[in-house]
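Heads up, structure.cif below (mmCIF, C-alpha atoms and all ligand atoms):
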```cif
data_upload
#
loop_
_atom_site.label_atom_id
_atom_site.label_comp_id
_atom_site.auth_asym_id
_atom_site.auth_seq_id
_atom_site.Cartn_x
_atom_site.Cartn_y
_atom_site.Cartn_z
CA MET N 109 119.50 85.10 83.27
CA SER N 110 116.97 84.91 80.50
CA PRO N 111 114.73 87.95 80.03
CA ILE N 112 111.41 87.87 81.87
CA ASN N 113 107.92 88.29 80.46
CA ILE N 114 105.93 90.84 82.41
CA GLY N 115 102.13 90.96 82.62
CA VAL N 116 100.44 94.06 84.01
CA LEU N 117 97.00 94.37 85.63
CA LEU N 118 95.52 97.85 85.93
CA SER N 119 92.25 99.73 86.30
CA GLY N 120 93.21 103.29 85.47
CA GLY N 121 95.53 105.72 83.77
CA GLY N 122 98.65 103.61 83.92
CA THR N 123 101.43 106.10 84.64
CA ASN N 124 103.16 103.29 86.54
CA LEU N 125 102.81 101.06 83.48
CA GLN N 126 104.32 103.87 81.41
CA SER N 127 107.34 104.08 83.69
CA VAL N 128 107.87 100.32 83.31
CA ILE N 129 107.58 100.50 79.52
CA ASP N 130 110.06 103.40 79.47
CA ALA N 131 112.48 101.47 81.69
CA VAL N 132 112.27 98.43 79.41
CA ASN N 133 112.98 100.66 76.40
CA ALA N 134 115.94 102.17 78.26
CA ASP N 135 117.32 98.66 78.94
CA LYS N 136 116.92 99.05 82.69
CA ILE N 137 114.87 95.87 82.97
CA ASN N 138 115.93 92.43 81.78
CA GLY N 139 112.62 91.62 80.13
CA GLU N 140 109.60 93.11 78.40
CA VAL N 141 105.98 93.94 79.04
CA LYS N 142 104.18 91.17 77.14
CA VAL N 143 100.60 91.93 78.03
CA VAL N 144 98.37 94.42 79.84
CA VAL N 145 94.98 93.39 81.23
CA SER N 146 92.28 95.63 82.66
CA ASN N 147 88.90 95.18 84.28
CA ARG N 148 87.91 98.56 82.80
CA GLU N 149 87.28 98.76 79.09
CA ASN N 150 88.19 102.45 78.87
CA ALA N 151 91.24 102.36 81.15
CA TYR N 152 93.82 104.64 79.56
CA GLY N 153 96.49 102.10 80.54
CA LEU N 154 95.18 99.80 77.76
CA GLU N 155 95.65 102.63 75.29
CA ARG N 156 99.23 103.17 76.48
CA ALA N 157 99.95 99.47 75.89
CA ARG N 158 98.50 99.54 72.36
CA LYS N 159 100.60 102.59 71.50
CA HIS N 160 103.67 100.48 72.27
CA ASN N 161 102.39 97.43 70.39
CA ILE N 162 101.83 95.52 73.61
CA ALA N 163 98.91 93.07 73.72
CA ALA N 164 96.05 94.66 75.68
CA PHE N 165 92.93 92.91 76.95
CA TYR N 166 89.78 94.05 78.69
CA VAL N 167 88.26 91.33 80.87
CA ASP N 168 84.61 91.88 81.80
CA LYS N 169 83.89 90.76 85.36
CA LYS N 170 80.13 90.84 84.77
CA LYS N 171 80.46 88.02 82.24
CA HIS N 172 81.60 85.69 84.99
CA GLU N 173 79.60 83.99 87.70
CA SER N 174 82.30 84.34 90.32
CA ASN N 175 85.56 86.10 91.09
CA ILE N 176 87.29 82.72 90.68
CA GLU N 177 86.05 82.39 87.08
CA PHE N 178 86.91 86.02 86.33
CA ASN N 179 90.46 85.41 87.58
CA ARG N 180 90.70 82.22 85.52
CA GLU N 181 90.15 84.24 82.36
CA ILE N 182 93.00 86.54 83.44
CA MET N 183 95.24 83.57 84.30
CA LYS N 184 94.58 82.06 80.88
CA ILE N 185 95.83 85.27 79.23
CA PHE N 186 98.97 85.27 81.38
CA GLU N 187 99.59 81.58 80.65
CA ASP N 188 99.16 82.12 76.91
CA GLN N 189 101.69 84.98 77.04
CA GLU N 190 104.06 82.92 79.21
CA VAL N 191 104.15 85.62 81.87
CA ASP N 192 106.83 85.21 84.59
CA LEU N 193 106.02 88.26 86.68
CA ILE N 194 102.72 90.09 87.25
CA ILE N 195 102.62 93.78 88.16
CA LEU N 196 99.58 95.29 89.84
CA ALA N 197 99.79 98.90 88.67
CA GLY N 198 96.70 100.53 90.11
CA TYR N 199 94.48 97.45 89.92
CA LEU N 200 91.29 97.84 91.94
CA GLN N 201 90.10 94.23 92.12
CA ILE N 202 90.73 91.40 94.56
CA LEU N 203 92.83 88.56 93.12
CA SER N 204 91.53 85.01 93.63
CA LYS N 205 93.48 82.74 95.97
CA GLU N 206 94.08 80.45 93.02
CA LEU N 207 95.87 83.18 91.07
CA VAL N 208 97.85 84.36 94.13
CA ASN N 209 99.03 80.82 94.89
CA LYS N 210 99.91 80.03 91.31
CA TYR N 211 102.12 83.11 91.12
CA LYS N 212 103.48 83.04 94.68
CA ASN N 213 106.19 85.72 95.07
CA LYS N 214 105.71 86.53 91.41
CA ILE N 215 103.11 89.28 91.81
CA ILE N 216 104.34 92.78 92.65
CA ASN N 217 102.10 95.58 93.90
CA ILE N 218 102.74 99.31 94.26
CA HIS N 219 100.98 101.13 97.07
CA PRO N 220 101.03 104.90 97.71
CA SER N 221 101.89 104.84 101.43
CA LEU N 222 104.44 103.39 103.81
CA ILE N 223 102.90 100.00 104.60
CA PRO N 224 101.68 98.99 107.22
CA SER N 225 100.31 102.55 107.55
CA PHE N 226 97.39 103.76 105.48
CA CYS N 227 96.78 100.50 103.66
CA GLY N 228 94.28 97.65 103.56
CA LYS N 229 90.62 97.70 102.54
CA GLY N 230 89.33 101.07 101.32
CA PHE N 231 92.77 102.69 101.07
CA TYR N 232 93.16 103.58 97.43
CA GLY N 233 93.54 106.73 95.33
CA LEU N 234 93.16 110.09 97.04
CA ARG N 235 91.69 108.44 100.15
CA VAL N 236 95.16 107.25 101.13
CA HIS N 237 96.63 110.74 101.00
CA GLN N 238 93.63 112.33 102.70
CA ALA N 239 93.99 109.81 105.54
CA VAL N 240 97.69 110.72 105.90
CA LEU N 241 96.76 114.42 106.18
CA ASP N 242 93.84 113.80 108.56
CA TYR N 243 96.12 111.80 110.83
CA GLY N 244 98.71 114.54 110.84
CA ALA N 245 101.52 112.21 109.78
CA LYS N 246 104.81 113.97 109.02
CA VAL N 247 106.07 111.40 106.53
CA THR N 248 104.45 109.25 103.90
CA GLY N 249 105.83 107.48 100.85
CA ALA N 250 105.40 104.46 98.65
CA THR N 251 105.83 100.70 99.02
CA VAL N 252 106.56 97.96 96.50
CA GLN N 253 105.69 94.52 97.81
CA PHE N 254 104.83 91.00 96.78
CA ILE N 255 101.20 90.00 96.99
CA ASP N 256 100.02 87.36 99.40
CA GLU N 257 96.49 86.32 100.33
CA GLY N 258 95.82 89.42 102.46
CA THR N 259 95.27 93.02 101.41
CA ASP N 260 98.61 94.89 101.36
CA THR N 261 100.23 92.34 103.70
CA GLY N 262 102.88 90.68 101.51
CA PRO N 263 106.69 90.83 101.83
CA ILE N 264 108.04 94.36 101.25
CA ILE N 265 110.64 94.79 98.50
CA ILE N 266 111.35 98.55 98.58
CA GLN N 267 109.96 101.56 100.45
CA LYS N 268 110.78 105.21 100.07
CA PRO N 269 109.60 108.02 102.37
CA ILE N 270 108.88 111.68 101.69
CA GLU N 271 108.03 114.47 104.08
CA VAL N 272 104.51 115.78 104.36
CA ASP N 273 104.55 119.54 103.96
CA GLU N 274 102.09 121.57 106.04
CA TYR N 275 100.67 123.08 102.86
CA ASP N 276 100.12 119.70 101.19
CA THR N 277 96.67 118.70 100.00
CA ALA N 278 95.66 115.15 99.07
CA GLU N 279 96.24 116.13 95.45
CA THR N 280 99.77 117.54 95.93
CA LEU N 281 100.75 114.55 98.05
CA GLN N 282 99.41 112.16 95.43
CA LYS N 283 101.54 113.87 92.80
CA LYS N 284 104.72 113.70 94.90
CA VAL N 285 104.15 110.08 95.92
CA LEU N 286 103.39 109.01 92.35
CA LYS N 287 106.88 110.16 91.32
CA ILE N 288 108.39 107.90 93.99
CA GLU N 289 106.12 105.03 92.97
CA HIS N 290 107.49 105.14 89.44
CA GLU N 291 111.05 105.17 90.73
CA ILE N 292 110.80 102.27 93.19
CA LEU N 293 108.51 100.14 91.03
CA VAL N 294 111.02 100.23 88.19
CA LYS N 295 113.88 99.55 90.61
CA ALA N 296 112.11 96.53 92.12
CA ILE N 297 111.25 95.05 88.72
CA SER N 298 114.78 95.63 87.51
CA LEU N 299 116.28 93.86 90.57
CA TYR N 300 113.82 91.00 90.14
CA SER N 301 114.57 90.67 86.43
CA TYR N 302 118.27 90.22 87.21
CA GLY N 303 117.54 87.55 89.84
CA MET N 304 118.59 89.78 92.73
CA VAL N 305 115.44 89.50 94.83
CA GLU N 306 115.17 86.66 97.32
CA VAL N 307 112.17 86.05 99.58
CA ARG N 308 112.63 84.21 102.89
CA GLY N 309 109.44 84.03 104.92
CA ARG N 310 108.08 87.53 104.93
CA LYS N 311 111.47 89.15 104.42
CA VAL N 312 112.95 90.21 101.13
CA TYR N 313 116.72 90.23 100.64
CA ILE N 314 118.39 92.11 97.81
CA LYS N 315 121.39 90.05 96.75
C1 LIG X 1 98.93 104.54 92.09
O1 LIG X 1 98.88 105.47 93.11
C2 LIG X 1 99.13 103.16 92.69
O2 LIG X 1 99.94 103.14 93.80
C3 LIG X 1 97.74 102.82 93.09
O3 LIG X 1 96.95 103.29 92.02
C4 LIG X 1 97.59 104.40 91.39
C5 LIG X 1 97.72 104.08 89.95
O4 LIG X 1 98.26 105.12 89.20
N1 LIG X 1 97.62 101.45 93.47
P1 LIG X 1 98.56 104.92 87.65
O5 LIG X 1 97.31 104.32 87.01
O6 LIG X 1 99.75 104.03 87.51
O7 LIG X 1 98.82 106.30 87.13
#
```
Would you write out, as structure tokens, the structure that this file holds?
Amino acid sequence: MSPINIGVLLSGGGTNLQSVIDAVNADKINGEVKVVVSNRENAYGLERARKHNIAAFYVDKKKHESNIEFNREIMKIFEDQEVDLIILAGYLQILSKELVNKYKNKIINIHPSLIPSFCGKGFYGLRVHQAVLDYGAKVTGATVQFIDEGTDTGPIIIQKPIEVDEYDTAETLQKKVLKIEHEILVKAISLYSYGMVEVRGRKVYIK
């Protein structure tokens, strides 16, 4: 299999991006991170990309009349960089249908809960972990999935659970889950890069 070109979309610090870059450098992924795009000019994730000589772009949503146009600017960047796989690594914007359809089963998202629990609109950042605690759930975890037209509804590639400790706070849970996110995101990208991920309907088979 030829190596894949990875494009990353993010809005924040980019520790997930860092774990992907590290995995590429450790030859765990058959490909490279070609470009990182953010809707936030000061996202530290852009800085991380630049430190590794990866192309990094800020795309200003306010400059566009619609979400469709905003997403077209992003698509243009991915086309120019010949991106095969898009990773949403803490990206807090809704993708346009056009982008989702163009990259069907080629967009991977990481979410800090066991989907279909604690996901969907409004579930991001510490809110996810606070909701887990408020509910009294005994386990939580992380999910890597493909993106479809819904919010957190696409085919699931990998999930990993952890136990919720009675002394956990939203902050301690976030820290524990983030570790798992890094692990399963890298694993999913690695499997994909070696052609081992097959999607049939809403089910994902690891070959
Ligand atoms: C992660 O919890 C991810 O699951 C969520 O946003 C956070 C991003 O963290 N979607 P980082 O920017 O990769 O450190």
- Item | Straight-line distance linking CA of Gln267 (chain N) with CA of Glu289 (chain N), stated in Å to one decimal |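 The value is 9.1 Å.
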Pick out the residues sitting within 12 Å of Leu293 (chain N), and hand them over as a VMD selection string; count all atoms listed in the file, and ignore anything fewer than 2 positions along from it in its own chain. chain N and resid 123 to 129 131 136 to 137 195 to 198 216 to 220 250 to 254 264 to 268 285 to 291 295 to 300
field: Between CA of Leu222 (chain N) and CA of Gly249 (chain N) - distance in Å to one decimal
entry: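 CA of Leu222 (chain N) lies 5.2 Å from CA of Gly249 (chain N).
Near region 229-244 of chain N, within a cut-off of 7 Å and counting only C-alpha atoms, sit the residues Phe226, Thr259, Ala278, Glu279, Leu281 and Gln282 of chain N, with same-chain residues fewer than 3 positions away left out.
Between CA of Ala151 (chain N) and CA of Ile185 (chain N) lies a distance of 17.8 Å.
The list of residues with at least one atom within 8 Å of Pro224 (chain N), based on all atoms listed in the file and without residues fewer than 3 positions apart in the same chain, reads Cys227, Asp260 and Thr261 of chain N.
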Using only C-alpha atoms, the residue out of N:Tyr313, N:Phe178, N:Tyr302, N:Tyr211 with shortest distance to Leu193 (chain N) is N:Tyr211
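Considering all atoms listed in the file, the residue among N:Asn138, N:Asn179, N:Gln201, N:Asn213 positioned nearest to ligand LIG 1 (chain X) is N:Gln201.
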ask   = Which residues come within 9 Å of Tyr199 (chain N), counting only C-alpha atoms, excluding same-chain residues fewer than 5 positions away, as a count of residues only?
value = 7
Can I get region 142-162 of chain N with N, CA, C and O atoms filled in, as an mmCIF file, keeping the file's coordinate frame?
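Written output follows (selection_7.cif):
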```
data_model
loop_
_atom_site.group_PDB
_atom_site.id
_atom_site.type_symbol
_atom_site.label_atom_id
_atom_site.label_comp_id
_atom_site.auth_asym_id
_atom_site.auth_seq_id
_atom_site.Cartn_x
_atom_site.Cartn_y
_atom_site.Cartn_z
ATOM 1 N N LYS N 142 104.784 91.994 78.186
ATOM 2 C CA LYS N 142 104.180 91.170 77.140
ATOM 3 C C LYS N 142 102.706 91.477 76.961
ATOM 4 O O LYS N 142 102.163 91.398 75.866
ATOM 5 N N VAL N 143 102.045 91.774 78.102
ATOM 6 C CA VAL N 143 100.600 91.930 78.030
ATOM 7 C C VAL N 143 100.077 92.817 79.157
ATOM 8 O O VAL N 143 100.626 92.814 80.258
ATOM 9 N N VAL N 144 99.032 93.576 78.833
ATOM 10 C CA VAL N 144 98.370 94.420 79.840
ATOM 11 C C VAL N 144 96.892 94.029 79.873
ATOM 12 O O VAL N 144 96.257 93.892 78.825
ATOM 13 N N VAL N 145 96.380 93.810 81.070
ATOM 14 C CA VAL N 145 94.980 93.390 81.230
ATOM 15 C C VAL N 145 94.283 94.378 82.155
ATOM 16 O O VAL N 145 94.846 94.790 83.169
ATOM 17 N N SER N 146 93.047 94.724 81.792
ATOM 18 C CA SER N 146 92.280 95.630 82.660
ATOM 19 C C SER N 146 90.855 95.138 82.855
ATOM 20 O O SER N 146 90.273 94.519 81.965
ATOM 21 N N ASN N 147 90.308 95.454 84.010
ATOM 22 C CA ASN N 147 88.900 95.180 84.280
ATOM 23 C C ASN N 147 88.033 96.347 83.822
ATOM 24 O O ASN N 147 86.820 96.315 83.971
ATOM 25 N N ARG N 148 88.669 97.396 83.308
ATOM 26 C CA ARG N 148 87.910 98.560 82.800
ATOM 27 C C ARG N 148 88.206 98.733 81.320
ATOM 28 O O ARG N 148 89.359 98.906 80.930
ATOM 29 N N GLU N 149 87.124 98.710 80.545
ATOM 30 C CA GLU N 149 87.280 98.760 79.090
ATOM 31 C C GLU N 149 87.968 100.047 78.633
ATOM 32 O O GLU N 149 88.762 100.031 77.698
ATOM 33 N N ASN N 150 87.642 101.158 79.308
ATOM 34 C CA ASN N 150 88.190 102.450 78.870
ATOM 35 C C ASN N 150 89.395 102.907 79.686
ATOM 36 O O ASN N 150 89.726 104.094 79.679
ATOM 37 N N ALA N 151 90.040 101.986 80.374
ATOM 38 C CA ALA N 151 91.240 102.360 81.150
ATOM 39 C C ALA N 151 92.302 102.887 80.183
ATOM 40 O O ALA N 151 92.637 102.214 79.198
ATOM 41 N N TYR N 152 92.837 104.059 80.471
ATOM 42 C CA TYR N 152 93.820 104.640 79.560
ATOM 43 C C TYR N 152 95.100 103.788 79.493
ATOM 44 O O TYR N 152 95.815 103.807 78.484
ATOM 45 N N GLY N 153 95.340 103.006 80.528
ATOM 46 C CA GLY N 153 96.490 102.100 80.540
ATOM 47 C C GLY N 153 96.474 101.135 79.342
ATOM 48 O O GLY N 153 97.528 100.780 78.803
ATOM 49 N N LEU N 154 95.287 100.706 78.923
ATOM 50 C CA LEU N 154 95.180 99.800 77.760
ATOM 51 C C LEU N 154 95.649 100.532 76.503
ATOM 52 O O LEU N 154 96.332 99.961 75.642
ATOM 53 N N GLU N 155 95.260 101.790 76.409
ATOM 54 C CA GLU N 155 95.650 102.630 75.290
ATOM 55 C C GLU N 155 97.181 102.792 75.240
ATOM 56 O O GLU N 155 97.803 102.694 74.186
ATOM 57 N N ARG N 156 97.765 103.031 76.405
ATOM 58 C CA ARG N 156 99.230 103.170 76.480
ATOM 59 C C ARG N 156 99.902 101.911 75.946
ATOM 60 O O ARG N 156 100.883 101.973 75.211
ATOM 61 N N ALA N 157 99.367 100.739 76.341
ATOM 62 C CA ALA N 157 99.950 99.470 75.890
ATOM 63 C C ALA N 157 99.871 99.374 74.368
ATOM 64 O O ALA N 157 100.883 99.095 73.705
ATOM 65 N N ARG N 158 98.691 99.658 73.823
ATOM 66 C CA ARG N 158 98.500 99.540 72.360
ATOM 67 C C ARG N 158 99.458 100.457 71.606
ATOM 68 O O ARG N 158 99.983 100.082 70.557
ATOM 69 N N LYS N 159 99.674 101.642 72.160
ATOM 70 C CA LYS N 159 100.600 102.590 71.500
ATOM 71 C C LYS N 159 102.008 102.015 71.388
ATOM 72 O O LYS N 159 102.793 102.435 70.554
ATOM 73 N N HIS N 160 102.331 101.086 72.290
ATOM 74 C CA HIS N 160 103.670 100.480 72.270
ATOM 75 C C HIS N 160 103.634 99.058 71.711
ATOM 76 O O HIS N 160 104.536 98.265 71.951
ATOM 77 N N ASN N 161 102.569 98.763 70.989
ATOM 78 C CA ASN N 161 102.390 97.430 70.390
ATOM 79 C C ASN N 161 102.449 96.293 71.404
ATOM 80 O O ASN N 161 102.989 95.218 71.128
ATOM 81 N N ILE N 162 101.911 96.547 72.574
ATOM 82 C CA ILE N 162 101.830 95.520 73.610
ATOM 83 C C ILE N 162 100.398 94.986 73.613
ATOM 84 O O ILE N 162 99.441 95.781 73.530
#
```
